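This is run24.txt. It holds compact mmCIF, C-alpha atoms.
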```txt
# COMPACT_ATOMS: atom_id res chain seq x y z
CA SER Y 487 0.57 5.70 2.54
CA ARG Y 488 -0.41 8.91 0.78
CA ILE Y 489 -4.09 8.08 0.49
CA GLU Y 490 -4.60 7.17 4.18
CA PRO Y 491 -1.67 8.65 6.12
CA GLU Y 492 -3.55 8.32 9.43
CA PRO Y 493 -6.25 5.80 10.38
CA GLY Y 494 -9.49 6.87 8.69
CA LEU Y 495 -7.97 10.10 7.33
CA ILE Y 496 -8.41 9.95 3.57
CA SER Y 497 -6.46 12.43 1.45
CA ASN Y 498 -8.63 13.60 -1.43
CA ALA Y 499 -5.56 15.40 -2.79
CA ALA Y 500 -3.75 12.06 -3.08
CA LEU Y 501 -6.76 10.37 -4.65
CA ASP Y 502 -7.09 13.24 -7.13
CA HIS Y 503 -3.37 12.93 -7.95
CA TYR Y 504 -3.77 9.25 -8.80
CA ARG Y 505 -6.91 10.07 -10.77
CA ARG Y 506 -4.91 12.52 -12.90
CA VAL Y 507 -2.21 9.86 -13.42
CA LEU Y 508 -4.85 7.39 -14.64
CA GLU Y 509 -6.44 10.02 -16.89
CA GLN Y 510 -3.04 10.74 -18.43
CA CYS Y 511 -2.47 7.02 -19.01
CA HIS Y 512 -5.77 6.78 -20.87
CA GLU Y 513 -4.99 9.92 -22.91
CA CYS Y 514 -1.72 8.26 -23.99
CA ASN Y 515 -3.54 5.01 -24.87
CA LEU Y 516 -1.87 3.15 -22.01
CA THR Y 517 -3.80 0.63 -19.98
CA PRO Y 518 -3.01 1.27 -16.31
CA ILE Y 519 -2.84 -1.46 -13.71
CA VAL Y 520 -3.45 -0.12 -10.22
CA THR Y 521 -1.78 -1.93 -7.33
CA PHE Y 522 -3.32 -1.18 -3.95
CA ASN Y 523 -0.19 -2.16 -2.01
CA HIS Y 524 3.11 -1.58 -3.77
CA PHE Y 525 5.65 -1.65 -0.91
CA THR Y 526 4.22 1.46 0.72
CA THR Y 527 2.53 0.86 4.02
CA PRO Y 528 1.32 3.67 6.25
CA LYS Y 529 3.38 3.89 9.45
CA TRP Y 530 0.23 3.55 11.54
CA PHE Y 531 -0.66 0.26 9.79
CA ALA Y 532 2.88 -1.09 10.16
CA ALA Y 533 2.84 -0.09 13.84
CA ARG Y 534 -0.24 -2.30 14.22
CA ARG Y 535 1.91 -5.12 12.73
CA GLY Y 536 0.21 -4.85 9.34
CA PHE Y 537 -1.03 -8.08 7.85
CA GLU Y 538 0.50 -10.15 10.64
CA VAL Y 539 -2.49 -9.40 12.89
CA LYS Y 540 -5.89 -10.92 12.24
CA GLY Y 541 -8.46 -8.17 11.77
CA ASN Y 542 -6.13 -5.68 10.13
CA GLU Y 543 -7.12 -7.01 6.72
CA GLY Y 544 -10.43 -5.18 7.19
CA LEU Y 545 -8.56 -1.87 7.43
CA PHE Y 546 -6.83 -2.65 4.15
CA ALA Y 547 -10.14 -3.66 2.54
CA ASP Y 548 -11.69 -0.35 3.64
CA TYR Y 549 -8.79 1.56 2.06
CA CYS Y 550 -9.14 -0.43 -1.19
CA ASP Y 551 -12.87 0.31 -1.24
CA VAL Y 552 -12.31 4.07 -0.89
CA ALA Y 553 -9.61 4.12 -3.58
CA ALA Y 554 -11.59 1.94 -5.98
CA LYS Y 555 -14.71 4.08 -5.64
CA HIS Y 556 -12.73 7.27 -6.34
CA LEU Y 557 -10.81 5.82 -9.28
CA GLY Y 558 -13.25 3.16 -10.45
CA ASP Y 559 -14.32 4.60 -13.79
CA LEU Y 560 -10.64 4.80 -14.80
CA LEU Y 561 -9.61 1.34 -13.61
CA GLU Y 562 -9.00 -1.28 -16.24
CA PHE Y 563 -7.14 -3.71 -13.99
CA ALA Y 564 -6.30 -3.74 -10.29
CA ALA Y 565 -4.07 -5.92 -8.15
CA THR Y 566 -4.14 -6.26 -4.41
CA PHE Y 567 -0.38 -6.61 -3.87
CA ASN Y 568 2.70 -6.15 -6.01
CA GLU Y 569 4.87 -9.26 -5.85
CA PRO Y 570 3.18 -10.89 -2.84
CA ASN Y 571 6.03 -13.38 -2.63
CA ILE Y 572 8.74 -10.75 -2.15
CA GLY Y 573 8.85 -11.02 1.65
CA LEU Y 574 9.53 -14.75 1.52
CA THR Y 575 11.96 -14.29 -1.37
CA LEU Y 576 13.97 -11.72 0.61
CA GLN Y 577 13.96 -14.04 3.64
CA LEU Y 578 15.17 -17.01 1.60
CA ALA Y 579 17.91 -14.84 0.07
CA GLY Y 580 19.04 -13.83 3.57
CA ILE Y 581 18.30 -10.16 2.95
CA ILE Y 582 15.83 -9.89 5.84
CA PRO Y 583 15.71 -12.11 8.92
CA PRO Y 584 13.22 -15.02 8.82
CA ASP Y 585 11.03 -13.55 11.56
CA ASP Y 586 10.60 -10.15 9.87
CA VAL Y 587 7.72 -9.31 7.58
CA MET Y 588 8.17 -6.72 4.86
CA VAL Y 589 5.24 -4.50 5.88
CA ASP Y 590 6.50 -4.28 9.45
CA MET Y 591 10.09 -3.29 8.80
CA PRO Y 592 9.64 0.53 9.00
CA ALA Y 593 7.89 0.30 12.37
CA ARG Y 594 10.51 -2.10 13.73
CA ARG Y 595 13.34 0.14 12.49
CA GLU Y 596 11.75 3.17 14.17
CA ALA Y 597 11.31 1.25 17.41
CA ALA Y 598 14.94 0.10 17.32
CA LEU Y 599 16.15 3.65 16.74
CA ALA Y 600 13.98 4.96 19.58
CA VAL Y 601 15.40 2.37 21.98
CA GLY Y 602 18.96 3.25 20.96
CA SER Y 603 18.51 6.99 21.53
```

Do you think you could lay out the structure here as C-alpha cells?
Amino acid sequence: SRIEPEPGLISNAALDHYRRVLEQCHECNLTPIVTFNHFTTPKWFAARRGFEVKGNEGLFADYCDVAAKHLGDLLEFAATFNEPNIGLTLQLAGIIPPDDVMVDMPARREAALAVGS
C-alpha cells in the first residue's frame, strides 16, 4: 500500500524506508524475510476486486518486480503472501462471510458506508 498507493505511482520514499529496515536487520545479524503482501492491499487494487479478477495478478507481479529490484541486494528470502490460507480460515471460523475475500474487504466496507450516507 505504501510502495504503490496509486496505480503505477511508486513511492521511492517507501522503498527507501524498507531498504533502511533491511539494512538495519543485516547490521544486527538478523536474516530478514520480505513478504510482498502482508494484509495490506492498496485501496485502488481492492477496488478492482484484487486477486478475484483475472489479469490483476499482473499488477501485483509488476509491484513485486519494482520492490525486488530496489531491495534485491538486501533480500535473503522473500514470500509472495503472508498466510495465504487466512481468508479461507476466517471464512471457516465464521469471522467473514463465505463470499468475501480478504483483499476486497476495505473496498466493500467503503462502498457500504458510501451507500449508507

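We find atom CA of Phe525 of chain Y and atom CA of Asp502 of chain Y to be spaced 20.6 Å apart.
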
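Among the candidate residues Y:Arg505, Y:Ala499, Y:Ser487, Y:Phe537, the one lying nearest to Leu560 of chain Y is Y:Arg505, with distances computed using all atoms listed in the file.
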
* Please determine the residues with any atom at most 10 Å from (-5.5, 4.7, 8.7) (coordinates as given in the file, with all atoms listed in the file counting) and report them as number ranges by chain. => Y: 487, 489-496, 528-531, 545-546, 548-549

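Between atom CA of Val552 of chain Y and atom CA of Ser497 of chain Y there is a distance of 10.5 Å.
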
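Between Phe522 of chain Y and the candidates Y:Cys550, Y:Leu561, Y:Ile572, Y:Ile581, the tightest atom-to-atom separation, counting only C-alpha atoms, involves Y:Cys550.
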
### Task
Give as an MDAnalysis selection string every residue, naming chains and numbers as the document does, that has an atom within 12 Å of (2.8, -3.6, -4.3), counting only C-alpha atoms.
chainID Y and resid 487 519:527 564:573 588:589

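For the set Y:Pro518, Y:Arg488, Y:Ala579, Y:Glu509, the residue with the smallest atom-to-atom gap to Phe563 of chain Y is Y:Pro518, counting all atoms listed in the file.
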
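Between atom CA of Ala554 of chain Y and atom CA of Tyr504 of chain Y lies a distance of 11.1 Å.
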
| query | Can you list, as an MDAnalysis selection string, every protein, DNA or RNA residue that comes within 8 Å of Leu501 of chain Y when you count only C-alpha atoms, leaving out same-chain residues fewer than 5 positions away? | reply | chainID Y and resid 489 553 556:557

Could you write out the selected residues, including C-alpha atoms, as a PDB file, keeping the file's coordinate frame?
```pdb
ATOM      1  CA  ILE Y 489      -4.090   8.080   0.490  1.00  0.00           C
ATOM      2  CA  ALA Y 553      -9.610   4.120  -3.580  1.00  0.00           C
ATOM      3  CA  HIS Y 556     -12.730   7.270  -6.340  1.00  0.00           C
ATOM      4  CA  LEU Y 557     -10.810   5.820  -9.280  1.00  0.00           C
TER       5      LEU Y 557
END
```
